[in-house]
Structure formats: structure tokens, C-alpha cells
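Let me begin by presenting the structure, written as C-alpha cells, before commenting on it.
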Amino acid sequence: LDFDGLLEDVQNAPDGSIFLFHACAHNPTGCDPTLAQWKILTQILIQKQHVIFFDSAYQGFASGDSIQDAAALRYVWKQAELPKVVLAQSFAKNFGLYGERCGTFSIKCRSTEEKERLLSQLRLIIRPMYSSPPRHGSSIVKTVLQDDTLTAQYYEECASMAQRIQTMRTQLVQALQNAGSKHDWSHVTQQIGMFAFTGMTASMCDALTSEYAIYLTRDGRISMAGLNPGNLEYVAQAIHAVTDGKSITG
């Protein structure tokens with residue numbers, strides 16, 4: 001993470017700009033600021049009176065602890081000096097409800113009057129867009145989080161998923177080394193979350209797809225959740241084949 005560059009951009013932006021941040025497990029880089037860095041960043045955001053828009057799609061998949069993954073968001077949310085904090089939260093990944101497109105939208109307001117004004121504008125957007133959302137997905141989330149036993153099970157399974165993804169990172173780097181790769185792939189294990197920013201070029205990604213039927217975005221991002229013990233070695237050998245003797249940007 002180029003934290004100094006991030007601070008510079010936030011400082012140089014016009015006062016009252018809107019900044020979109022991932023709450024945790026940044027997609028696609030997997031690079032998050034530490035909580036200490038968030039506190040430094042927040043002071044500039046307050047000074048510049050910027051509006052903060054959080055995208056929280058991977059809570060629980062960064063550290064394996066949903067509470068810890070919300071630490072930055074909760075810290076910023078408590079800062080009364082910020083003019084506005086907005087949160088778009090998705091339960092598609094961390095509750096396995098991708099087909100339900102289930103989530104929440106929250107705005108921190110400074111007064112009841114402001115809340116009513118915002119609600120009226122949101123309703124004008126919602127009405128022609130979808131009018132009334134489906135209840136199935138949200139009912140599942142509500143059922144789980146209102147039950148202590150189910151909530152405990154949910155946190156445990158989230159941690160298990162995060163650990164599995166981290167294990168795949170370690171094993172992919174080891175498999176690349178075993179395949180003969182001389183590249184430094186340490187950035188793969190240093191990143192967190194569902195994705196890895198590999199540093200592969202668009203032509204390398206095209207070769208993976210056309211020659212090995214491995215599908216990924218052309219910026220080199222791969223889904224770590226798609227790896228398993230059955231395909232890990234094949235993927236590593238394919239990556240080695242398309243990157244051998246060529247430069248990658250880790």
C-alpha cells in the first residue's frame with residue numbers, strides 16, 4: 001500500500017470530495033490500511049470535510065473475524081466531525097447469498113431533519129429502480145444474526161473460510177516454487193481477502209484462458225476462493241508456463 005500517496009491524494013482533493021473506500025479486504029489488491037493508518041487518514045478526511053463512502057463486501061473474509069474487519073469502519077463512523085459517512089454493505093459473499101443480492105445501505109446523519117430529507121431522495125431513487133426488495137435473503141441474515149447459536153456458528157464458518165483462502169495463498173506460492181518459478185510471489189501471501197493481484201500482464205492472462213482454460217480478469221486478479229487441493233498444482237504450473245522468463249509486477 002502506497003500510504004503516503006493515498007494521503008497526498010486525499011489532501012490534494014477539493015474540499016468536500018467523496019471518497020470510496022473498501023472497509024476491508026480491498027478488491028482487487030488485498031491491501032488494507034492498518035487501524036493506525038486509518039486514524040491518520042481520518043484526520044485529513046475531517047480537515048478536508050470529505051464525504052466517506054464505505055463499500056463493505058468482504059467483512060469476515062479479511063482476518064476471519066467479522067468484528068475486527070469492521071474496526072476501521074466503526075472508528076470512522078464515530079467521528080462526529082465528518083460531514084457524512086455512507087455505507088453500502090453486502091451479504092452476498094460472507095453469507096453465501098450471491099444470487100439474492102442482499103445488503104444494506106446506511107447514511108450517518110447529523111439531525112432528524114437531515115434524515116427525513118435524505119429518505120425522501122432515496123425513495124425517489126428506489127421507487128422506479130426496484131420499489132420493494134425481495135425478502136428471502138434479508139430474512140436469512142436476520143434469522144442468523146438474531147439467534148446466538150446461529151451467530152456463533154456463522155462467525156466460526158467465516159473464520160474457517162478466511163483461513164482456507166489464506167492456506168490457498170501459501171500453497172499456491174509453494175506450488176509455483178515447486179513448478180520452478182523464479183519470481184518473487186510473496187505479494188500473494190501478503191495480501192488478504194478473496195482475491196490476489198498477481199502482477200501478471202493482460203497477455204499472460206489471455207494465455208491462461210486460451211491455453212489452460214483458467215479464467216481471470218485481464219488485470220491479473222485471480223479468485224483465491226476458486227482454488228482447492230484438486231486444481232492448485234494445475235493452476236500453478238499454468239501460471240509458471242505463462243510467466244517463466246518474463247517480468248511480473250508484484
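Identifiers in the C-alpha cells: chain A, B, ... in order shown; residue index from 1 per chain; ligand index from 1 in order shown.
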
Skip segment 217-221 of chain A itself and residues of its chain fewer than 5 positions away, then list as a ChimeraX atom specification all residues within 9 Å of it, counting only C-alpha atoms. /A:27-29,195-206

Could you pull out the helix (DSSP H, G or I) residues of segment 99-230 of chain A from DSSP and send them as JSON, numbers by chain? {"A": [99, 100, 112, 113, 114, 115, 116, 117, 118, 119, 120, 121, 122, 123, 124, 125, 126, 127, 128, 129, 136, 137, 138, 139, 140, 141, 142, 143, 144, 145, 148, 149, 150, 151, 152, 153, 154, 155, 156, 157, 158, 159, 160, 161, 162, 163, 164, 165, 166, 167, 168, 169, 170, 171, 172, 173, 174, 175, 176, 177, 178, 179, 186, 187, 188, 189, 190, 202, 203, 204, 205, 206, 207, 208, 209, 210, 211, 212, 224, 225, 226]}

Mind checking which residues fall within 12 Å of segment 185-188 of chain A, counting only C-alpha atoms, ignoring those fewer than 3 positions away in the same chain, and posting them as a PyMOL selection string? chain A and resi 1+28-31+165-177+181-182+191-200+220-224+236+239-240+243+247-250

Write a file of the just-selected residues containing N, CA and C atoms, as a tab-separated table (two decimals), in the first residue's frame.
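Output below, filename out-v4.tsv:
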```tsv
chain	number	residue	atom	x	y	z
A	1	LEU	N	0.84	-1.19	0.00
A	1	LEU	CA	0.00	0.00	0.00
A	1	LEU	C	0.88	1.25	0.00
A	28	PRO	N	-9.20	-5.05	-6.00
A	28	PRO	CA	-8.57	-6.36	-6.19
A	28	PRO	C	-7.23	-6.55	-5.48
A	29	THR	N	-6.71	-5.56	-4.79
A	29	THR	CA	-5.31	-5.64	-4.37
A	29	THR	C	-5.09	-6.46	-3.11
A	30	GLY	N	-6.11	-6.57	-2.24
A	30	GLY	CA	-5.91	-7.27	-0.99
A	30	GLY	C	-5.03	-6.51	-0.02
A	31	CYS	N	-4.85	-5.20	-0.24
A	31	CYS	CA	-4.01	-4.36	0.61
A	31	CYS	C	-4.90	-3.40	1.40
A	165	ILE	N	-8.83	-19.70	2.56
A	165	ILE	CA	-8.30	-18.84	1.49
A	165	ILE	C	-6.84	-18.51	1.75
A	166	GLN	N	-6.50	-18.21	3.00
A	166	GLN	CA	-5.11	-17.90	3.33
A	166	GLN	C	-4.21	-19.11	3.10
A	167	THR	N	-4.73	-20.30	3.41
A	167	THR	CA	-3.98	-21.52	3.16
A	167	THR	C	-3.73	-21.71	1.67
A	168	MET	N	-4.72	-21.40	0.85
A	168	MET	CA	-4.56	-21.49	-0.60
A	168	MET	C	-3.48	-20.53	-1.10
A	169	ARG	N	-3.38	-19.36	-0.49
A	169	ARG	CA	-2.33	-18.42	-0.87
A	169	ARG	C	-0.95	-19.04	-0.63
A	170	THR	N	-0.77	-19.56	0.57
A	170	THR	CA	0.52	-20.16	0.93
A	170	THR	C	0.84	-21.34	0.03
A	171	GLN	N	-0.14	-22.19	-0.21
A	171	GLN	CA	0.10	-23.38	-1.02
A	171	GLN	C	0.31	-23.04	-2.49
A	172	LEU	N	-0.34	-21.96	-2.98
A	172	LEU	CA	-0.13	-21.56	-4.38
A	172	LEU	C	1.31	-21.09	-4.56
A	173	VAL	N	1.81	-20.28	-3.65
A	173	VAL	CA	3.20	-19.80	-3.75
A	173	VAL	C	4.17	-20.98	-3.68
A	174	GLN	N	3.89	-21.93	-2.79
A	174	GLN	CA	4.75	-23.11	-2.69
A	174	GLN	C	4.70	-23.93	-3.98
A	175	ALA	N	3.50	-24.07	-4.55
A	175	ALA	CA	3.36	-24.84	-5.78
A	175	ALA	C	4.06	-24.15	-6.95
A	176	LEU	N	4.06	-22.83	-6.97
A	176	LEU	CA	4.78	-22.09	-8.02
A	176	LEU	C	6.28	-22.32	-7.89
A	177	GLN	N	6.77	-22.32	-6.67
A	177	GLN	CA	8.19	-22.59	-6.45
A	177	GLN	C	8.53	-24.02	-6.85
A	181	SER	N	9.28	-21.79	-10.71
A	181	SER	CA	9.21	-20.33	-10.87
A	181	SER	C	10.30	-19.64	-10.06
A	182	LYS	N	10.95	-18.67	-10.70
A	182	LYS	CA	12.00	-17.89	-10.03
A	182	LYS	C	11.48	-16.52	-9.58
A	191	GLN	N	-1.12	-10.30	0.73
A	191	GLN	CA	-2.45	-9.77	0.51
A	191	GLN	C	-3.48	-10.57	1.32
A	192	ILE	N	-4.68	-10.00	1.46
A	192	ILE	CA	-5.74	-10.67	2.20
A	192	ILE	C	-7.03	-10.63	1.40
A	193	GLY	N	-8.01	-11.42	1.85
A	193	GLY	CA	-9.31	-11.40	1.19
A	193	GLY	C	-9.45	-12.46	0.12
A	194	MET	N	-10.52	-12.33	-0.67
A	194	MET	CA	-10.87	-13.35	-1.65
A	194	MET	C	-9.99	-13.35	-2.89
A	195	PHE	N	-9.33	-12.23	-3.17
A	195	PHE	CA	-8.63	-12.10	-4.44
A	195	PHE	C	-7.14	-11.86	-4.25
A	196	ALA	N	-6.39	-12.16	-5.29
A	196	ALA	CA	-4.96	-11.88	-5.31
A	196	ALA	C	-4.63	-11.10	-6.57
A	197	PHE	N	-3.90	-10.03	-6.40
A	197	PHE	CA	-3.42	-9.23	-7.52
A	197	PHE	C	-2.04	-9.77	-7.87
A	198	THR	N	-1.97	-10.60	-8.92
A	198	THR	CA	-0.76	-11.39	-9.16
A	198	THR	C	0.39	-10.62	-9.80
A	199	GLY	N	0.06	-9.56	-10.54
A	199	GLY	CA	1.09	-8.85	-11.28
A	199	GLY	C	1.25	-9.35	-12.70
A	200	MET	N	0.44	-10.33	-13.10
A	200	MET	CA	0.50	-10.83	-14.47
A	200	MET	C	-0.08	-9.81	-15.44
A	220	GLY	N	-4.86	-9.28	-14.03
A	220	GLY	CA	-4.06	-10.20	-13.23
A	220	GLY	C	-4.69	-10.62	-11.92
A	221	ARG	N	-5.93	-10.21	-11.69
A	221	ARG	CA	-6.60	-10.59	-10.45
A	221	ARG	C	-7.15	-12.00	-10.56
A	222	ILE	N	-6.87	-12.83	-9.54
A	222	ILE	CA	-7.42	-14.17	-9.51
A	222	ILE	C	-8.24	-14.35	-8.23
A	223	SER	N	-9.23	-15.23	-8.31
A	223	SER	CA	-10.05	-15.54	-7.15
A	223	SER	C	-9.40	-16.66	-6.36
A	224	MET	N	-8.93	-16.34	-5.16
A	224	MET	CA	-8.31	-17.36	-4.33
A	224	MET	C	-9.33	-18.38	-3.86
A	236	ALA	N	-0.87	-23.61	-10.73
A	236	ALA	CA	0.50	-23.15	-10.51
A	236	ALA	C	1.38	-23.45	-11.73
A	239	ILE	N	0.43	-21.00	-14.48
A	239	ILE	CA	0.95	-19.65	-14.22
A	239	ILE	C	2.44	-19.60	-14.49
A	240	HIS	N	3.16	-20.64	-14.07
A	240	HIS	CA	4.60	-20.70	-14.32
A	240	HIS	C	4.88	-20.72	-15.82
A	243	THR	N	4.46	-17.19	-17.27
A	243	THR	CA	5.26	-16.12	-16.67
A	243	THR	C	6.77	-16.40	-16.70
A	247	SER	N	8.68	-10.61	-17.07
A	247	SER	CA	8.54	-9.73	-15.91
A	247	SER	C	7.11	-9.69	-15.40
A	248	ILE	N	6.96	-9.76	-14.09
A	248	ILE	CA	5.66	-9.51	-13.45
A	248	ILE	C	5.84	-8.35	-12.49
A	249	THR	N	4.75	-7.70	-12.15
A	249	THR	CA	4.82	-6.58	-11.22
A	249	THR	C	4.15	-6.99	-9.93
A	250	GLY	N	4.93	-7.41	-8.93
A	250	GLY	CA	4.40	-7.87	-7.67
A	250	GLY	C	4.09	-6.71	-6.74
```

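All residues of segment 33-230 of chain A that DSSP, run on the backbone, classes as strand (DSSP E or B) are Val51, Ile52, Phe53, Phe54, Asp55, Ser56, Lys84, Val85, Val86, Leu87, Ala88, Gln89, Ser90, Gly103, Thr104, Phe105, Ser106, Ile107, Lys108, Phe195, Ala196, Phe197, Arg221, Ile222 and Ser223 of chain A.
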
Would you tabulate, counting only C-alpha atoms, all residues of segment 69-116 of chain A that have an atom at most 8 Å from an atom of segment 135-144 of chain A, showing the closest pair of atoms and their distance in Å to one decimal, sorted by chain then ascending number, as CSV?
```
residue,atom,partner,partner_atom,distance
A:Phe91,CA,A:Val141,CA,7.8
A:Phe95,CA,A:Val141,CA,7.3
A:Leu97,CA,A:Gly137,CA,6.6
A:Glu100,CA,A:Gly137,CA,5.5
A:Arg101,CA,A:Gly137,CA,7.6
A:Cys102,CA,A:Gly137,CA,5.6
A:Gly103,CA,A:Ser138,CA,7.3
```

Keeping only N, CA, C and O atoms, take the residues you just selected and write them out as a short mmCIF file (atom, residue, chain, number, x, y, z; two decimals), in the first residue's frame.
```
data_model
loop_
_atom_site.label_atom_id
_atom_site.label_comp_id
_atom_site.auth_asym_id
_atom_site.auth_seq_id
_atom_site.Cartn_x
_atom_site.Cartn_y
_atom_site.Cartn_z
N PHE A 91 -24.15 -8.79 1.81
CA PHE A 91 -24.09 -10.10 2.46
C PHE A 91 -23.97 -11.22 1.41
O PHE A 91 -24.14 -12.39 1.73
N PHE A 95 -22.35 -14.34 3.52
CA PHE A 95 -23.47 -15.18 3.92
C PHE A 95 -23.85 -16.19 2.84
O PHE A 95 -24.84 -16.91 2.98
N LEU A 97 -25.00 -15.60 -0.15
CA LEU A 97 -26.29 -15.20 -0.73
C LEU A 97 -26.09 -14.42 -2.02
O LEU A 97 -26.81 -13.45 -2.30
N GLU A 100 -28.98 -13.67 -4.19
CA GLU A 100 -30.04 -12.88 -3.59
C GLU A 100 -29.73 -11.38 -3.62
O GLU A 100 -30.62 -10.56 -3.39
N ARG A 101 -28.46 -11.02 -3.86
CA ARG A 101 -28.03 -9.62 -3.88
C ARG A 101 -28.54 -8.89 -2.65
O ARG A 101 -29.23 -7.86 -2.72
N CYS A 102 -28.23 -9.43 -1.51
CA CYS A 102 -28.76 -8.95 -0.24
C CYS A 102 -27.76 -8.05 0.46
O CYS A 102 -26.57 -8.37 0.54
N GLY A 103 -28.23 -6.90 0.97
CA GLY A 103 -27.35 -6.00 1.69
C GLY A 103 -28.10 -4.88 2.36
O GLY A 103 -29.33 -4.90 2.45
#
```

Considering only C-alpha atoms, return as a VMD selection string whatever protein or nucleic-acid residues lie within 9 Å of Tyr212 of chain A, sequence-local ones (same chain, fewer than 5 positions apart) excluded. chain A and resid 207 234 to 235 238

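In this model, the gap between atom CA of Asn228 of chain A and atom CA of Gln190 of chain A comes to 19.1 Å.
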
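For Tyr155 of chain A, the non-local neighbours within 9 Å, defined as residues at least 6 positions apart in the same chain or in other chains and counting only C-alpha atoms, are Gly60, Gly64, Asp65 and Ser66 of chain A.
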
Selected residues written out, all heavy atoms, as a compact mmCIF listing (two decimals), in the first residue's frame:
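Listing of result-v1.txt after writing:
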```txt
# COMPACT_ATOMS: atom_id res chain seq x y z
N GLY A 60 -15.36 -10.23 7.44
CA GLY A 60 -15.16 -11.59 7.92
C GLY A 60 -14.19 -12.38 7.07
O GLY A 60 -13.65 -13.40 7.53
N GLY A 64 -10.83 -13.08 9.20
CA GLY A 64 -11.58 -14.22 9.73
C GLY A 64 -12.43 -13.83 10.92
O GLY A 64 -13.20 -14.63 11.43
N ASP A 65 -12.32 -12.57 11.33
CA ASP A 65 -13.06 -12.05 12.47
C ASP A 65 -13.91 -10.87 12.00
O ASP A 65 -13.37 -9.81 11.68
CB ASP A 65 -12.08 -11.61 13.56
CG ASP A 65 -12.77 -11.11 14.83
OD1 ASP A 65 -13.95 -10.72 14.75
OD2 ASP A 65 -12.13 -11.10 15.89
N SER A 66 -15.22 -11.05 11.96
CA SER A 66 -16.10 -10.00 11.44
C SER A 66 -16.02 -8.72 12.26
O SER A 66 -16.16 -7.62 11.71
CB SER A 66 -17.56 -10.50 11.42
OG SER A 66 -17.72 -11.55 10.49
```

If you count only C-alpha atoms, which residues fall within 8 Å of segment 77-88 of chain A, apart from same-chain ones fewer than 5 positions away, as a VMD selection string? chain A and resid 45 to 46 49 to 56 103 to 110

Selection above as a file: N, CA, C and O atoms, as an mmCIF file, in the first residue's frame:
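Result file is part08.cif:
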```
data_model
loop_
_atom_site.group_PDB
_atom_site.id
_atom_site.type_symbol
_atom_site.label_atom_id
_atom_site.label_comp_id
_atom_site.auth_asym_id
_atom_site.auth_seq_id
_atom_site.Cartn_x
_atom_site.Cartn_y
_atom_site.Cartn_z
ATOM 1 N N LEU A 45 -9.304 13.497 6.374
ATOM 2 C CA LEU A 45 -10.677 13.489 5.871
ATOM 3 C C LEU A 45 -11.529 14.502 6.628
ATOM 4 O O LEU A 45 -12.366 15.197 6.038
ATOM 5 N N ILE A 46 -11.316 14.601 7.930
ATOM 6 C CA ILE A 46 -12.048 15.577 8.741
ATOM 7 C C ILE A 46 -11.624 16.994 8.377
ATOM 8 O O ILE A 46 -12.458 17.892 8.186
ATOM 9 N N GLN A 49 -13.101 17.917 5.240
ATOM 10 C CA GLN A 49 -14.565 17.773 5.243
ATOM 11 C C GLN A 49 -15.050 16.938 4.049
ATOM 12 O O GLN A 49 -16.028 17.273 3.377
ATOM 13 N N HIS A 50 -14.330 15.844 3.810
ATOM 14 C CA HIS A 50 -14.699 14.931 2.737
ATOM 15 C C HIS A 50 -15.862 14.038 3.177
ATOM 16 O O HIS A 50 -16.062 13.789 4.376
ATOM 17 N N VAL A 51 -16.600 13.558 2.203
ATOM 18 C CA VAL A 51 -17.666 12.585 2.439
ATOM 19 C C VAL A 51 -17.085 11.189 2.217
ATOM 20 O O VAL A 51 -16.440 10.935 1.200
ATOM 21 N N ILE A 52 -17.300 10.281 3.163
ATOM 22 C CA ILE A 52 -16.726 8.938 3.103
ATOM 23 C C ILE A 52 -17.808 7.936 2.721
ATOM 24 O O ILE A 52 -18.848 7.846 3.381
ATOM 25 N N PHE A 53 -17.552 7.184 1.674
ATOM 26 C CA PHE A 53 -18.466 6.138 1.211
ATOM 27 C C PHE A 53 -17.745 4.801 1.363
ATOM 28 O O PHE A 53 -16.777 4.536 0.674
ATOM 29 N N PHE A 54 -18.229 3.987 2.289
ATOM 30 C CA PHE A 54 -17.630 2.670 2.515
ATOM 31 C C PHE A 54 -18.368 1.594 1.721
ATOM 32 O O PHE A 54 -19.602 1.545 1.733
ATOM 33 N N ASP A 55 -17.595 0.750 1.058
ATOM 34 C CA ASP A 55 -18.112 -0.462 0.417
ATOM 35 C C ASP A 55 -17.644 -1.636 1.270
ATOM 36 O O ASP A 55 -16.450 -1.915 1.353
ATOM 37 N N SER A 56 -18.579 -2.306 1.929
ATOM 38 C CA SER A 56 -18.230 -3.432 2.794
ATOM 39 C C SER A 56 -18.821 -4.709 2.201
ATOM 40 O O SER A 56 -19.982 -5.036 2.431
ATOM 41 N N GLY A 103 -28.232 -6.900 0.973
ATOM 42 C CA GLY A 103 -27.346 -6.000 1.686
ATOM 43 C C GLY A 103 -28.103 -4.881 2.361
ATOM 44 O O GLY A 103 -29.334 -4.904 2.452
ATOM 45 N N THR A 104 -27.358 -3.895 2.844
ATOM 46 C CA THR A 104 -27.962 -2.735 3.489
ATOM 47 C C THR A 104 -27.294 -1.461 2.970
ATOM 48 O O THR A 104 -26.165 -1.500 2.466
ATOM 49 N N PHE A 105 -28.005 -0.354 3.100
ATOM 50 C CA PHE A 105 -27.458 0.952 2.739
ATOM 51 C C PHE A 105 -27.708 1.895 3.904
ATOM 52 O O PHE A 105 -28.862 2.060 4.327
ATOM 53 N N SER A 106 -26.640 2.456 4.450
ATOM 54 C CA SER A 106 -26.759 3.288 5.649
ATOM 55 C C SER A 106 -26.081 4.632 5.428
ATOM 56 O O SER A 106 -25.019 4.704 4.796
ATOM 57 N N ILE A 107 -26.678 5.684 5.960
ATOM 58 C CA ILE A 107 -26.094 7.024 5.920
ATOM 59 C C ILE A 107 -26.154 7.611 7.319
ATOM 60 O O ILE A 107 -27.221 7.612 7.954
ATOM 61 N N LYS A 108 -25.023 8.088 7.815
ATOM 62 C CA LYS A 108 -24.990 8.736 9.119
ATOM 63 C C LYS A 108 -25.390 10.200 8.955
ATOM 64 O O LYS A 108 -24.722 10.961 8.252
ATOM 65 N N CYS A 109 -26.470 10.581 9.615
ATOM 66 C CA CYS A 109 -26.993 11.939 9.501
ATOM 67 C C CYS A 109 -26.698 12.737 10.765
ATOM 68 O O CYS A 109 -26.468 12.178 11.837
ATOM 69 N N ARG A 110 -26.763 14.048 10.649
ATOM 70 C CA ARG A 110 -26.469 14.921 11.789
ATOM 71 C C ARG A 110 -27.726 15.369 12.528
ATOM 72 O O ARG A 110 -27.623 15.933 13.623
#
```

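Counting from atom CA of His183 of chain A, the distance to atom CA of Ser210 of chain A is 22.6 Å.
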
Between A:Ser90, A:Ser63, A:Thr209, A:Asn12, smallest distance to Arg164 of chain A by only C-alpha atoms belongs to A:Ser63
